[in-house]
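Report on the structure given below.
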Amino acid sequence: MKNFKNERLLVIAPHADDEVLGCGGLISRVKKDGGKVYVLIFNVGSIEKHNNKKFTELRKNETDNAMKFLGVDKYEGVFDSPEDNRYLDSKPLHTLISAIETGTSVSLIKTKPTIVAIPTIKSHHQDHIHVHKACIAALRPLSTPIANVVLSYEAPEHSRWSTSGVFEPNFYVDISKHLMKKVQSFSKYKSQIKPNGRDKYTITNHAEYRGKEVGKKYCEAFFVHRFIT
């Protein structure tokens with residue numbers, strides 16, 4: 001895993017911006033090495049009660065700008081209507097599984113990823129938990145193609161407040177040379193920047209915290225579900 005030149009990474013995100021917060025550094029490393037990156041986002045719209053159409057277009061534009069900045073090879077958003085946005089967790093599980101397996105342009109069958117990054121279940125956010133369960137079902141060993149590596153990524157503001165425990169990583173990616181790219185890509189989501197919660201300082205501080213756990217300057221942390229060599 002020192003070089004990602006021959007890897008095809010698929011990142012599955014419940015909402016637009018989760019892919020950057022959890023995997024922005026990994027995405028940057030894969031692209032820098034010459035690998036392929038695909039992103040499947042379930043919710044790309046706004047949940048604003050008023051002027052929803054206006055804010056949804058804003059979110060879509062922000063997502064497109066972030067994906068272009070990171071050099072993602074292809075991405076697709078699944079839901080963008082007000083009803084879909086507010087009730088992602090109530091969508092039938094098989095609907096989400098189908099989108100992951102075959103139903104989108106960045107599905108498993110279309111991209112044949114060697115690495116798949118999915119949201120952790122260690123979250124208080126019901127959408128993240130629901131998408132995690134769909135991912136685990138879609139990535140079961142009986143399915144094809146088989147991804148060699150399956151990782152859960154963390155959502156820092158979620159992973160220490162959940163009914164299923166605290167996110168405990170066992171796989172780290174050194175992003176010391178890619179942290180700035182991650183920060184800059186998140187800045188494309190201007191509507192989602194929250195001082196003292198979601199901003200360049202909190203992203204940097206969390207990467208430093210994870211780096212110190214393994215003797216590096218900045219890292220992203222993951223939990224390994226499958227690792228085949």
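Please note that chains go A, B, ... in the order of the structure tokens, that every chain numbers its residues from 1, and that ligands are numbered from 1 in the order shown.
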Step one, run DSSP on the backbone; step two, keep only residues of region 77-130 of chain A assigned to strand (DSSP E); then write them as a count of residues only.
8
With 9 Å as the cut-off and only C-alpha atoms counted, what is the closest atom pair between each nearby residue of region 50-99 of chain A and region 29-34 of chain A? Distances in Å to one decimal, ordered by chain and number, as JSON lines.
{"residue": "A:Leu70", "atom": "CA", "partner": "A:Lys31", "partner_atom": "CA", "distance": 7.9}
{"residue": "A:Gly71", "atom": "CA", "partner": "A:Lys31", "partner_atom": "CA", "distance": 7.0}
{"residue": "A:Val72", "atom": "CA", "partner": "A:Lys31", "partner_atom": "CA", "distance": 7.7}
Restricting the calculation to only C-alpha atoms, which member of A:Lys53, A:Lys74, A:His124, A:His158 is positioned closest to Ser107 (chain A)?
A:Lys74
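Distances here use only C-alpha atoms; by that measure, the residue among A:Phe227, A:Trp161, A:Tyr38, A:Phe55 closest to Asn148 (chain A) is A:Phe227.
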Expressed in Å, the length from CA of Ala147 (chain A) to CA of Val214 (chain A) is 26.1 Å
Give the alpha helix (DSSP H) residues of region 146-212 of chain A, as DSSP finds them on the backbone, and put them as a JSON list (two decimals) with N, CA, C and O atoms, in the first residue's frame.
[["chain", "number", "residue", "atom", "x", "y", "z"],
["A", 179, "LEU", "N", -2.47, 16.95, 3.06],
["A", 179, "LEU", "CA", -3.43, 17.60, 3.95],
["A", 179, "LEU", "C", -3.99, 18.88, 3.34],
["A", 179, "LEU", "O", -5.20, 19.14, 3.42],
["A", 180, "MET", "N", -3.12, 19.67, 2.73],
["A", 180, "MET", "CA", -3.58, 20.94, 2.16],
["A", 180, "MET", "C", -4.61, 20.70, 1.06],
["A", 180, "MET", "O", -5.59, 21.43, 0.95],
["A", 181, "LYS", "N", -4.39, 19.65, 0.27],
["A", 181, "LYS", "CA", -5.35, 19.30, -0.79],
["A", 181, "LYS", "C", -6.71, 18.95, -0.17],
["A", 181, "LYS", "O", -7.77, 19.35, -0.68],
["A", 182, "LYS", "N", -6.67, 18.22, 0.92],
["A", 182, "LYS", "CA", -7.92, 17.85, 1.61],
["A", 182, "LYS", "C", -8.63, 19.09, 2.13],
["A", 182, "LYS", "O", -9.84, 19.25, 1.93],
["A", 183, "VAL", "N", -7.90, 19.98, 2.78],
["A", 183, "VAL", "CA", -8.48, 21.20, 3.32],
["A", 183, "VAL", "C", -9.06, 22.06, 2.21],
["A", 183, "VAL", "O", -10.17, 22.58, 2.32],
["A", 184, "GLN", "N", -8.32, 22.20, 1.13],
["A", 184, "GLN", "CA", -8.79, 23.03, 0.02],
["A", 184, "GLN", "C", -10.00, 22.42, -0.67],
["A", 184, "GLN", "O", -10.90, 23.15, -1.11],
["A", 185, "SER", "N", -10.05, 21.11, -0.75],
["A", 185, "SER", "CA", -11.20, 20.46, -1.39],
["A", 185, "SER", "C", -12.45, 20.64, -0.52],
["A", 185, "SER", "O", -13.55, 20.86, -1.04],
["A", 186, "PHE", "N", -12.29, 20.58, 0.81],
["A", 186, "PHE", "CA", -13.45, 20.81, 1.67],
["A", 186, "PHE", "C", -13.93, 22.26, 1.58],
["A", 186, "PHE", "O", -15.12, 22.53, 1.71],
["A", 200, "LYS", "N", -10.94, 24.43, 8.40],
["A", 200, "LYS", "CA", -9.57, 23.99, 8.14],
["A", 200, "LYS", "C", -8.82, 23.66, 9.42],
["A", 200, "LYS", "O", -7.94, 22.79, 9.43],
["A", 201, "TYR", "N", -9.18, 24.32, 10.50],
["A", 201, "TYR", "CA", -8.49, 24.09, 11.77],
["A", 201, "TYR", "C", -8.87, 22.74, 12.38],
["A", 201, "TYR", "O", -8.00, 22.00, 12.85],
["A", 202, "THR", "N", -10.15, 22.43, 12.37],
["A", 202, "THR", "CA", -10.57, 21.16, 12.94],
["A", 202, "THR", "C", -10.10, 19.98, 12.10],
["A", 202, "THR", "O", -9.73, 18.94, 12.63],
["A", 203, "ILE", "N", -10.09, 20.15, 10.77],
["A", 203, "ILE", "CA", -9.58, 19.09, 9.89],
["A", 203, "ILE", "C", -8.10, 18.86, 10.14],
["A", 203, "ILE", "O", -7.62, 17.73, 10.27],
["A", 204, "THR", "N", -7.34, 19.95, 10.24],
["A", 204, "THR", "CA", -5.90, 19.86, 10.49],
["A", 204, "THR", "C", -5.61, 19.25, 11.86],
["A", 204, "THR", "O", -4.75, 18.37, 12.00],
["A", 205, "ASN", "N", -6.33, 19.72, 12.87],
["A", 205, "ASN", "CA", -6.11, 19.22, 14.23],
["A", 205, "ASN", "C", -6.40, 17.73, 14.34],
["A", 205, "ASN", "O", -5.68, 16.98, 15.01],
["A", 206, "HIS", "N", -7.48, 17.29, 13.66],
["A", 206, "HIS", "CA", -7.82, 15.87, 13.74],
["A", 206, "HIS", "C", -6.79, 15.02, 13.00],
["A", 206, "HIS", "O", -6.42, 13.93, 13.47],
["A", 207, "ALA", "N", -6.30, 15.51, 11.86],
["A", 207, "ALA", "CA", -5.27, 14.78, 11.12],
["A", 207, "ALA", "C", -3.98, 14.70, 11.95],
["A", 207, "ALA", "O", -3.27, 13.68, 11.92],
["A", 208, "GLU", "N", -3.68, 15.75, 12.68],
["A", 208, "GLU", "CA", -2.50, 15.75, 13.54],
["A", 208, "GLU", "C", -2.67, 14.74, 14.69],
["A", 208, "GLU", "O", -1.75, 14.00, 15.03],
["A", 209, "TYR", "N", -3.87, 14.71, 15.26],
["A", 209, "TYR", "CA", -4.18, 13.77, 16.33],
["A", 209, "TYR", "C", -4.00, 12.33, 15.86],
["A", 209, "TYR", "O", -3.36, 11.51, 16.54],
["A", 210, "ARG", "N", -4.54, 12.01, 14.70],
["A", 210, "ARG", "CA", -4.39, 10.66, 14.16],
["A", 210, "ARG", "C", -2.93, 10.37, 13.81],
["A", 210, "ARG", "O", -2.44, 9.25, 13.99],
["A", 211, "GLY", "N", -2.23, 11.37, 13.30],
["A", 211, "GLY", "CA", -0.82, 11.17, 12.98],
["A", 211, "GLY", "C", 0.00, 10.84, 14.21],
["A", 211, "GLY", "O", 0.87, 9.95, 14.18],
["A", 212, "LYS", "N", -0.26, 11.52, 15.31],
["A", 212, "LYS", "CA", 0.50, 11.28, 16.54],
["A", 212, "LYS", "C", 0.29, 9.87, 17.07],
["A", 212, "LYS", "O", 1.15, 9.32, 17.78]]
